[in-house]
Structures are given as C-alpha cells and as structure tokens.
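A short write-up of the structure that comes next.
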Protein chains: 2
Amino acid sequence: MTSSHVTLADIAREAGTSASTASRALSGRGYVSADARARLREAAERLGYVPNASARTLKQNTSRVIGVAVSDLGNQFYANLAAGIEQTLREADFQMVLVSDNSDELQELACARTFLAMRAAGVIITPADRTAASLLSRNGVEVVEVDRRLADVPCDAVVLDNDRGAREATRHLLDLGHRRIALLVADTDWTSDAGRLQGYVNAHDELGVPVDPRLILPIAFHAPDAEARIAALLQEENPTAIFAANNTLADHAWQVLRALGLRLPQDVSLVGFDDVPWMAMVEPGITAVAQPTFEMGRRAAQLLLHRTIDPTRPRTVETLEPTLVVRGSTAATAQP
Amino acid sequence: MTSSHVTLADIAREAGTSASTASRALSGRGYVSADARARLREAAERLGYVPNASARTLKQNTSRVIGVAVSDLGNQFYANLAAGIEQTLREADFQMVLVSDNSDELQELACARTFLAMRAAGVIITPADRTAASLLSRNGVEVVEVDRRLADVPCDAVVLDNDRGAREATRHLLDLGHRRIALLVADTDWTSDAGRLQGYVNAHDELGVPVDPRLILPIAFHAPDAEARIAALLQEENPTAIFAANNTLADHAWQVLRALGLRLPQDVSLVGFDDVPWMAMVEPGITAVAQPTFEMGRRAAQLLLHRTIDPTRPRTVETLEPTLVVRGSTAATAQP
DNA sequence: CTGTTAGCGCTTTCAG
DNA sequence: CTGAAAGCGCTAACAG
C-alpha cells in the first residue's frame, strides 16, 4: 500500500523525535533513551521502514557489497566457488555482486569499474589479467585472488597446490608403468596451469623419465577443435595414459576415448583434475585430483571479511591441498 | 596513487566548468558544447573518474542492480539459471546481486529486504514463499518468478511445462509396457512439483492405468534418509520403472540401483527430470526430461528488463517446453 | 549552452 | 540523552 518509501524522517515524525535520534535508535550507535528507542522501533516496524542502502553508503563511503568476478559461471568449478563465497558472505550479512567475465580482460576491467562505482567493501576475483586488481587496489579496494595469482599489487589469495596435485597424479601413472603420458592443459599463462604443467614435469624428473614435449597439448578454453586435436594426439603419439589438467579437458578426453572406442583402463589410462560428479558415476570411475572448491570460496570470503575488520593484517596466501582420488580409469600398462 | 575518490566536482574544477555541466557531459543527457565535453572527458580520463553509484541511486531513486534469489546455488539447475540471468543482465549493463536462500522463508524475506534497501531495479526469484514477492511488490519493486509460481501479487514468470514433461516421461514408460512406475518427487507445495505429479497422473489416466498411491514417494530436499526410503520402496513395491522428478532424486535413484545391484534397463527403467551432464555419460545413459535452464534464466532477465523500460506492459507468464531425451535407461518390461 | 540551487536519505559532529 | 546543521556525490529544474 505504501507507494513511496518510508524514510527515517517519517518514523522520527511518527515517534515525535528528530531524525538523528531515529538514526541512533535503529542503528544502535550512540545514546538513546529506552523510551524513545521503543517508540521508534515500533514506528519503524509499523510503517515498514527499510533503510536506504545508497544513502548510507554515500555517507559512510563504504558498502556491504562484495564484488565477485569469476571466469565462467557455467563451469561447476566456478559455480561452486561462488556458492562458497556467497554462503560465507551471507552469514556475515554482506551481499555478493556476481559477474562472469569470460576471462576477458576488458570485461574484467569493466567489472572492476562497476565494483568501484558501487564502493564495494572488497572484491574477489579469479583473475585473467592484472589491470583489474591494480585499478581496485589503487582506489583503496581490497582484492582477494582465487584459484590463481596474477596481481602485481599486494593482495590476499587462495590457491591450490597445483604442482603437488599434478605431481601426484603423474606419479600415480608413472608408478603404474606408464612412460608416455599425454598432458592436456589449458592454454593460459595462469599460475594454476603453469603449476600443473610443472607438477607433470617434476614427477617425470623425480623418476628420471624424460618428458616428450610432443605429448604436451595446450588447449584454449572453448576451442572448437579441442576434441579433434586430442584425437590426433592419441593417434600420432600413442600415449598409454592421459592427464587432463581441468574438468573440461577431462570431459573432452573422455568423449574422445569413447568415440574412438578406446577402453578405460585397458587401452589407455585417464586422470582428471577437479573431481566433478560425473567422474564418480561413469564406469569405470575417473581417477582425479580433487580440489576443495567450495572451501576455497569460503576461505577467500573469510580473508576479505577479516581484512575489512583489520586492514593492517599482513597479506596471506592460503594454499589448499588437493587429494588424489584413485578410481578405475587408471591401471598398469599392458605389456607392449 | 589517488587515495580518495575523484568526484564530478574535481573534474569540473579541472576543466573549468560547473559540476552540472560535467554531469551533463559525462552522462550524455542535456546540452554541452563540444569543447566543454572534450575537456571534461579528458579530465575524467586523466584523473581516473569513477561515478559514485550510490549518489546516483540516491538521487534517482533507482539503481542498475537486479536482485536474484535462488534456492540452492550448489545445484546445477540453479547455477545455470543464474548464469543465464547474469549473462543477459550484463549485456544490458545491469548487475546481479545473487543470493542462495536455501528455500528458507526467513532467508528469502531477508533477501527481499536487502534488495529493497538497495533500491534494486527488479528482483528475480525462485520462490519458496509468497511473502517476499508481496513485500517487494508492495514497495514498487517488480518481481519475476522463475521455475515455479507462488506469488499472490501480479508478476511476470518463466516456468516449464512441467505437466507435459512429466506426462511425456510417464507415457514413454507406459508405452514400454510398464505398469508399476514409482514416482520420486520433491516434497513441496510448489507448482513445479505439483505439475510433475499431475503429469504422472494424467499419463496414467489417458491410458486408463490406475495410479497406485503407494508408488508415489515425496522426498524433502536434503533428506538424509532419501536413499534408504527409495531402496525400501523398490523392495516393498517392486516397481518396474522409476520416474525421478528432479536431478537430485535421479542421482539418488541411480545410486540406490547401483548399490542394490539392479541393472538398467533390464531390472528396472529410470527416467530423470532435468538433463544434467552425468546422465549422458553413464552407461546406459539416463532417459531424461531436458529443461532449457540457461534459457529460462535469460527469459526471466529479459522480462524484467522489458518491464523496467515499459512498466505498463501486461504481465506475462512464459511457459517453456521440455524435451524428452531417450537413452538406454528405459526399455520394455521383461515378461513377468 | 551553462551555472546556481536544492535535495535525495542518512550519519555525524557539536551544542545544548 | 537529544536536536540542529552540515554534507556525502550526483542530478534536475530553472534562470540566465
């Protein structure tokens, strides 16, 4: 029924006080007589008062909004990350403004500008470029990087121990006797993918197995020829195992194997990175490096919330540990 | 380097104009000489001006923020819905504030209050209760309901033809000779689930097959005993087929069948509702009613955007059609 | 075409 | 304990 919005002045008038007193009563800051407080509370309730966040933000020059920019909300990994962030923020009575930036530098920068315009209390980002963090930081907005690190300004971060995850996965295959292990890795300059490549190499080095660069296949996101290239690699290089360094590539690899009629694990072994539901459901199950995705989101949000409380807190990089989940897709090599 | 924020007044001073002229120049509304505009643009660029969204919202009493409240961001269905909404909003230069409310009435109401406080230009919601929409609507905020309808105030909506989806799925099983089809359905009073139940019943009625109420199992979200109850139903009622009316229930059913060692489709047939990736990957594939989830999100956002342009637009309910995707999990009944 | 003025709703000194 | 007053940054009349 109330068409226009009820303001503090309205409830002040209703309760016979000034707006300042009303502000103090409802925000709980400063002295207000119990009597006045009760009257104001009642009036606010009765009139259906909803504080105007913009007015408050304008006055206080900071909001309860946290900007979140992820690469691809359609991907389970980022969706779970966002879910973890959202849950944590909501518990602390903050709101999440969520944007999916397609790892596009321009879109990412546009997001940063939007978050700045909103006077976001902080920003969480899966970075594709360093300019966004730089712009935000320069304007006094705290940034937390998740999944990978890119910023050239100091900021908190939550990442996975990608090297270790990839090393364990590769080592698992090497221990099973595989010597020609194809690596499917995203074609980026991100620390996440670099770490996974490094882990693959390290595992080889540790056992003194030479790395054949022809077995390493960098594939861009959403590359339309991804599966064709994987099929070509399989046929030209005859790997006995595949390590797919993210969930999309694992999916592609699995589809290619199915299309070519190659059996898991008799004809070829497969390890994925990022344990998504289908990997536990297909037969045989896919051996995978599991990431605590939701928890990464939670940690990132916590880091940001802690910093809003104590801005002098030293910057932290939290490195979470992956877990190798062994299933039926990996087995010892057949004798050649 | 710029510690505090650059304001319109700053760039006006820099360019030797008043703040109003600066406002006109940068917002593009009203007359400004080409010369002044150029100087102002340059100054804004040079000083790194970012407009203050709160000030603008306060003044104009409306923002470029759309509130979105979904039931469970961790569920693919809602994540995809959110992704569709986000993409559409971003294209129109709106921001999405996303909250996952666990279908909890109190959380949902709290979200509504937050969106109101932010002067959201509109709200998209997968409703669990009618009070949120009512509160928003009463305060002049447009609401679009997605996936199900609940509001007792007029609002736009985007839903699936659940009756038809369930009818086709059930009909498919009946046509294969099944006469004892278990229905696993979410235990809600939502239109979505009611529609699916109705479709199940309608398909039976059309063929004159009696419905045995003992085969209908309502299961609450996140019920810890969901799988135990499904297993019990299978053993006590001996259905020859299962229709699981959402993706979570399909997952549960599949796990139970696997645990009990029942083969698809020889021992029992299975149809899911909402075609998620694993259903196409397991062997045999799961026959499923596919929803255009992402598209539903897009439509909801479009409906809202159109209404912000033309508030007198008549309310619309868009009903999208599902598609039955037949895979190997369904087959004719074995002769008893 | 441009500047002046006023005010959006709230919080925060500062006097009382 | 309370009210008056000022101002956050922006925009929209309204005169010039």
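Chain identifiers are assigned as A, B, and so on, following the order in which chains appear in the structure tokens; residues are numbered from 1 within each chain, and ligands are numbered from 1 in order of appearance.
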
What are the nearest atom pairs, with distances in Å to one decimal, for all residues of chain A that come at most 8 Å from chain D, using only C-alpha atoms (C1' of nucleotides), set out by chain and rising residue number as a tab-separated table?
```
residue	atom	partner	partner_atom	distance
A:Ser18	CA	D:DG3	C1'	6.3
A:Ser20	CA	D:DG3	C1'	7.4
A:Thr21	CA	D:DT2	C1'	6.8
A:Tyr31	CA	D:DC1	C1'	6.2
A:Val32	CA	D:DC1	C1'	6.1
A:Ser33	CA	D:DC1	C1'	6.5
A:Leu58	CA	D:DC8	C1'	5.3
A:Lys59	CA	D:DC8	C1'	4.5
A:Gln60	CA	D:DC8	C1'	7.5
A:Asn61	CA	D:DC8	C1'	7.6
```

- Message: Report as an NGL selection string all protein, DNA and RNA residues lying within 9 Å of range 38-55 of chain A, evaluated on only C-alpha atoms (C1' of nucleotides), omitting residues in the same chain fewer than 2 positions from it.
- Response: (:A and (2 or 5-8 or 10-12 or 14-17 or 21-22 or 25-26 or 33-36 or 57-60 or 63-64)) or (:B and (53-58 or 113-114 or 116-119)) or (:C and (8-10)) or (:D and (8))

Next, dump the selected residues to file, keeping only C-alpha atoms (C1' of nucleotides), as an mmCIF file, in the first residue's frame.
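Dumped everything to selection02.cif:
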```
data_model
loop_
_atom_site.group_PDB
_atom_site.id
_atom_site.type_symbol
_atom_site.label_atom_id
_atom_site.label_comp_id
_atom_site.auth_asym_id
_atom_site.auth_seq_id
_atom_site.Cartn_x
_atom_site.Cartn_y
_atom_site.Cartn_z
ATOM 1 C CA THR A 2 2.811 2.399 0.910
ATOM 2 C CA HIS A 5 9.447 4.773 0.509
ATOM 3 C CA VAL A 6 9.367 5.338 4.236
ATOM 4 C CA THR A 7 12.333 7.348 5.450
ATOM 5 C CA LEU A 8 13.962 7.933 8.787
ATOM 6 C CA ASP A 10 8.931 9.694 8.582
ATOM 7 C CA ILE A 11 9.405 7.442 11.536
ATOM 8 C CA ALA A 12 11.021 10.233 13.533
ATOM 9 C CA GLU A 14 5.724 9.475 13.895
ATOM 10 C CA ALA A 15 7.606 8.928 17.152
ATOM 11 C CA GLY A 16 7.988 12.608 17.931
ATOM 12 C CA THR A 17 11.779 12.736 17.758
ATOM 13 C CA THR A 21 17.665 10.182 17.282
ATOM 14 C CA ALA A 22 15.869 7.815 14.986
ATOM 15 C CA ALA A 25 17.944 4.195 17.840
ATOM 16 C CA LEU A 26 17.795 1.975 14.813
ATOM 17 C CA SER A 33 16.573 6.679 25.949
ATOM 18 C CA ALA A 34 14.904 3.322 26.266
ATOM 19 C CA ASP A 35 11.593 5.032 25.855
ATOM 20 C CA ALA A 36 12.440 6.801 22.611
ATOM 21 C CA THR A 57 26.851 4.080 1.512
ATOM 22 C CA LEU A 58 27.098 7.605 0.239
ATOM 23 C CA LYS A 59 27.500 8.953 3.723
ATOM 24 C CA GLN A 60 29.868 6.301 5.021
ATOM 25 C CA SER A 63 29.026 -0.558 1.438
ATOM 26 C CA ARG A 64 28.210 -4.092 2.494
ATOM 27 C CA ALA B 53 26.697 4.664 -7.960
ATOM 28 C CA SER B 54 25.244 5.358 -4.532
ATOM 29 C CA ALA B 55 24.952 9.051 -5.121
ATOM 30 C CA ARG B 56 23.269 8.411 -8.415
ATOM 31 C CA THR B 57 20.925 5.817 -6.951
ATOM 32 C CA LEU B 58 20.060 8.079 -4.066
ATOM 33 C CA ARG B 113 14.538 -6.580 2.424
ATOM 34 C CA THR B 114 18.126 -6.283 1.232
ATOM 35 C CA LEU B 116 14.606 -3.195 -1.206
ATOM 36 C CA ALA B 117 17.333 -1.437 0.724
ATOM 37 C CA MET B 118 19.496 -1.421 -2.389
ATOM 38 C CA ARG B 119 16.636 0.004 -4.425
ATOM 39 C "C1'" DC C 8 17.752 12.576 -2.489
ATOM 40 C "C1'" DG C 9 18.257 9.792 2.985
ATOM 41 C "C1'" DC C 10 21.356 9.099 6.092
ATOM 42 C "C1'" DC D 8 28.394 12.610 1.297
#
```

Open item on the list: To test your reading of the structure, identify every residue in range 3-173 of chain A that backbone DSSP assigns to strand (DSSP E), and report it as a PyMOL selection string.
Closed with: chain A and resi 65-70+95-100+122-125+143-146+156-160

Just to confirm, what's the straight-line distance from CA of Gly140 in chain A to CA of Glu86 in chain A in Å (one decimal)?
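Taking CA of Gly140 in chain A and CA of Glu86 in chain A, their separation equals 22.6 Å.
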
* To do: Extract the full set of helix (DSSP H, G or I) residues from range 64-117 of chain A according to DSSP on the backbone, and format it as a list of chain:residue names.
  =>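 Of range 64-117 of chain A, the ones in helix (DSSP H, G or I) are A:Gln76, A:Phe77, A:Tyr78, A:Ala79, A:Asn80, A:Leu81, A:Ala82, A:Ala83, A:Gly84, A:Ile85, A:Glu86, A:Gln87, A:Thr88, A:Leu89, A:Arg90, A:Glu91, A:Glu105, A:Leu106, A:Gln107, A:Glu108, A:Leu109, A:Ala110, A:Cys111, A:Ala112, A:Arg113, A:Thr114, A:Phe115, A:Leu116, A:Ala117.
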
Go ahead and write the selection's residues with C-alpha atoms as a PDB file, in the first residue's frame.
```pdb
ATOM      1  CA  GLN A  76      30.892 -26.257 -11.993  1.00  0.00           C
ATOM      2  CA  PHE A  77      34.217 -25.232 -10.567  1.00  0.00           C
ATOM      3  CA  TYR A  78      33.414 -21.533 -10.640  1.00  0.00           C
ATOM      4  CA  ALA A  79      29.803 -22.102  -9.637  1.00  0.00           C
ATOM      5  CA  ASN A  80      30.931 -23.969  -6.536  1.00  0.00           C
ATOM      6  CA  LEU A  81      33.496 -21.317  -5.770  1.00  0.00           C
ATOM      7  CA  ALA A  82      30.743 -18.707  -5.984  1.00  0.00           C
ATOM      8  CA  ALA A  83      28.480 -20.823  -3.781  1.00  0.00           C
ATOM      9  CA  GLY A  84      31.164 -20.979  -1.092  1.00  0.00           C
ATOM     10  CA  ILE A  85      31.764 -17.264  -1.278  1.00  0.00           C
ATOM     11  CA  GLU A  86      28.071 -16.461  -1.164  1.00  0.00           C
ATOM     12  CA  GLN A  87      27.390 -18.626   1.854  1.00  0.00           C
ATOM     13  CA  THR A  88      30.188 -17.059   3.838  1.00  0.00           C
ATOM     14  CA  LEU A  89      29.257 -13.527   2.900  1.00  0.00           C
ATOM     15  CA  ARG A  90      25.611 -14.040   3.699  1.00  0.00           C
ATOM     16  CA  GLU A  91      26.475 -15.362   7.141  1.00  0.00           C
ATOM     17  CA  GLU A 105      40.404  -8.577 -19.883  1.00  0.00           C
ATOM     18  CA  LEU A 106      38.037  -5.844 -20.960  1.00  0.00           C
ATOM     19  CA  GLN A 107      35.051  -7.370 -19.224  1.00  0.00           C
ATOM     20  CA  GLU A 108      37.144  -7.899 -16.144  1.00  0.00           C
ATOM     21  CA  LEU A 109      38.190  -4.289 -16.134  1.00  0.00           C
ATOM     22  CA  ALA A 110      34.588  -3.203 -16.634  1.00  0.00           C
ATOM     23  CA  CYS A 111      33.633  -5.281 -13.595  1.00  0.00           C
ATOM     24  CA  ALA A 112      36.332  -3.641 -11.552  1.00  0.00           C
ATOM     25  CA  ARG A 113      34.985  -0.249 -12.518  1.00  0.00           C
ATOM     26  CA  THR A 114      31.470  -1.295 -11.548  1.00  0.00           C
ATOM     27  CA  PHE A 115      32.643  -2.574  -8.187  1.00  0.00           C
ATOM     28  CA  LEU A 116      34.461   0.679  -7.672  1.00  0.00           C
ATOM     29  CA  ALA A 117      31.345   2.633  -8.568  1.00  0.00           C
TER      30      ALA A 117
END
```

**OP:** Please identify every residue of chain C that has at least one atom no more than 12 Å from any atom of chain B, counting only C-alpha atoms (C1' of nucleotides), and report them as a list in words.
**Re:**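 Interface list for chain C against chain B: DC1, DT2, DG3, DT4, DT5, DA6, DG7, DC8, DG9 and DC10 of chain C.
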
Output the selection as a PDB file, in the first residue's frame - C-alpha atoms (C1' of nucleotides) for each residue.
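Result saved to again-v3.pdb:
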```
ATOM      1  C1'  DC C   1      24.667  26.187 -23.843  1.00  0.00           C
ATOM      2  C1'  DT C   2      25.927  26.893 -18.674  1.00  0.00           C
ATOM      3  C1'  DG C   3      25.861  27.897 -13.635  1.00  0.00           C
ATOM      4  C1'  DT C   4      23.116  28.186  -9.410  1.00  0.00           C
ATOM      5  C1'  DT C   5      20.406  25.944  -6.313  1.00  0.00           C
ATOM      6  C1'  DA C   6      18.255  22.442  -3.987  1.00  0.00           C
ATOM      7  C1'  DG C   7      17.674  17.970  -2.304  1.00  0.00           C
ATOM      8  C1'  DC C   8      17.752  12.576  -2.489  1.00  0.00           C
ATOM      9  C1'  DG C   9      18.257   9.792   2.985  1.00  0.00           C
ATOM     10  C1'  DC C  10      21.356   9.099   6.092  1.00  0.00           C
TER      11       DC C  10
END
```

message: Please list as a VMD selection string every residue within 12 Å of Leu233 in chain B, counting only C-alpha atoms (C1' of nucleotides) and excluding residues in the same chain fewer than 4 positions away.
response: chain B and resid 180 to 184 213 to 219 226 to 229 237 to 242 253 256 to 257

Just C-alpha atoms for this one: save the residues we selected as a short mmCIF file (atom, residue, chain, number, x, y, z; two decimals), in the first residue's frame.
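Okay, this is what ended up in result-v4.cif:
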```cif
data_model
loop_
_atom_site.label_atom_id
_atom_site.label_comp_id
_atom_site.auth_asym_id
_atom_site.auth_seq_id
_atom_site.Cartn_x
_atom_site.Cartn_y
_atom_site.Cartn_z
CA ARG B 180 4.15 -50.08 -11.83
CA ILE B 181 6.07 -46.83 -12.14
CA ALA B 182 7.48 -45.32 -8.97
CA LEU B 183 7.38 -41.53 -8.77
CA LEU B 184 10.07 -39.81 -6.74
CA PRO B 213 -0.52 -44.16 -4.41
CA ARG B 214 2.00 -46.43 -2.68
CA LEU B 215 4.29 -45.88 -5.66
CA ILE B 216 4.43 -42.13 -5.07
CA LEU B 217 7.26 -41.11 -2.78
CA PRO B 218 7.59 -37.45 -1.75
CA ILE B 219 11.10 -36.69 -0.52
CA ALA B 226 16.33 -40.25 0.89
CA GLU B 227 18.25 -43.22 -0.44
CA ALA B 228 17.08 -45.54 2.30
CA ARG B 229 13.48 -44.69 1.53
CA GLU B 237 6.57 -52.28 -4.08
CA ASN B 238 8.59 -53.88 -6.86
CA PRO B 239 8.16 -51.13 -9.44
CA THR B 240 9.46 -51.94 -12.91
CA ALA B 241 10.34 -48.31 -13.55
CA ILE B 242 11.23 -45.14 -11.68
CA ALA B 253 17.76 -43.33 -7.51
CA VAL B 256 20.39 -46.91 -4.96
CA LEU B 257 20.07 -49.03 -8.08
#
```

Correct to one decimal, the distance CA of Ser100 in chain A-CA of Ala166 in chain A is 26.8 Å

With distances taken over only C-alpha atoms, which residue among B:His252, B:Arg167, B:Arg149, B:Arg13 lies nearest chain A?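 Of B:His252, B:Arg167, B:Arg149, B:Arg13, the one nearest chain A is B:His252, counting only C-alpha atoms.
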
I need the residue nearest Ala300 in chain B from this list: B:Ala245, B:Val268, B:Ala69, B:Val158. Use only C-alpha atoms for the distance.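 Answer, going by the shortest atom-to-atom distance: B:Val158.
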
Residue nearest chain B among A:Met281, A:Leu234, A:Ala186, A:Val70 (counting only C-alpha atoms):
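So, comparing all the options, the nearest one is A:Met281.
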
With distances taken over only C-alpha atoms, the candidate from A:Gln235, A:Thr293, A:Gln302, A:Asn162 nearest chain B is A:Thr293

So which one's closest to chain B, A:Glu321, A:Asp267, A:Asp251, A:Asp175? Using only C-alpha atoms, please.
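The answer is A:Asp251, which sits nearest to chain B.
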
Exercise for review: List the neighbours of Val141 in chain B out to 8 Å using only C-alpha atoms (C1' of nucleotides); skip same-chain residues closer than 2 positions along the sequence, and give me the result as a ChimeraX atom specification.
Suggested key: /B:116,120-123,136-139,143

Restrict the selected residues to N, CA and C atoms and save them as a PDB file, in the first residue's frame.
```pdb
ATOM      1  N   LEU B 116      15.360  -4.423  -1.392  1.00  0.00           N
ATOM      2  CA  LEU B 116      14.606  -3.195  -1.206  1.00  0.00           C
ATOM      3  C   LEU B 116      15.546  -2.080  -0.752  1.00  0.00           C
ATOM      4  N   ALA B 120      16.868  -2.055  -5.635  1.00  0.00           N
ATOM      5  CA  ALA B 120      17.042  -2.881  -6.825  1.00  0.00           C
ATOM      6  C   ALA B 120      16.012  -2.484  -7.871  1.00  0.00           C
ATOM      7  N   ALA B 121      16.439  -2.498  -9.126  1.00  0.00           N
ATOM      8  CA  ALA B 121      15.534  -2.133 -10.211  1.00  0.00           C
ATOM      9  C   ALA B 121      14.529  -3.247 -10.471  1.00  0.00           C
ATOM     10  N   GLY B 122      14.770  -4.405  -9.868  1.00  0.00           N
ATOM     11  CA  GLY B 122      13.865  -5.534 -10.041  1.00  0.00           C
ATOM     12  C   GLY B 122      14.438  -6.736  -9.330  1.00  0.00           C
ATOM     13  N   VAL B 123      13.635  -7.765  -9.204  1.00  0.00           N
ATOM     14  CA  VAL B 123      14.072  -8.966  -8.496  1.00  0.00           C
ATOM     15  C   VAL B 123      13.611 -10.203  -9.253  1.00  0.00           C
ATOM     16  N   LEU B 136       8.009  -6.994  -1.827  1.00  0.00           N
ATOM     17  CA  LEU B 136       8.672  -6.253  -2.898  1.00  0.00           C
ATOM     18  C   LEU B 136       7.660  -5.494  -3.730  1.00  0.00           C
ATOM     19  N   SER B 137       6.646  -6.202  -4.127  1.00  0.00           N
ATOM     20  CA  SER B 137       5.628  -5.610  -4.974  1.00  0.00           C
ATOM     21  C   SER B 137       4.970  -4.409  -4.284  1.00  0.00           C
ATOM     22  N   ARG B 138       4.668  -4.572  -3.005  1.00  0.00           N
ATOM     23  CA  ARG B 138       4.049  -3.506  -2.236  1.00  0.00           C
ATOM     24  C   ARG B 138       4.942  -2.258  -2.221  1.00  0.00           C
ATOM     25  N   ASN B 139       6.244  -2.486  -2.311  1.00  0.00           N
ATOM     26  CA  ASN B 139       7.166  -1.356  -2.311  1.00  0.00           C
ATOM     27  C   ASN B 139       7.582  -0.929  -3.715  1.00  0.00           C
ATOM     28  N   VAL B 143       8.834  -8.010  -9.670  1.00  0.00           N
ATOM     29  CA  VAL B 143       9.333  -9.348  -9.390  1.00  0.00           C
ATOM     30  C   VAL B 143       9.061 -10.260 -10.580  1.00  0.00           C
TER      31      VAL B 143
END
```

Using only C-alpha atoms (C1' of nucleotides), which protein or nucleic acid residues come within 10 Å of Glu168 in chain A? Drop anything in the same chain fewer than 2 positions from it, and give the result as a ChimeraX atom specification.
/A:162-166,170-174,199-200,202-203,289,322-324
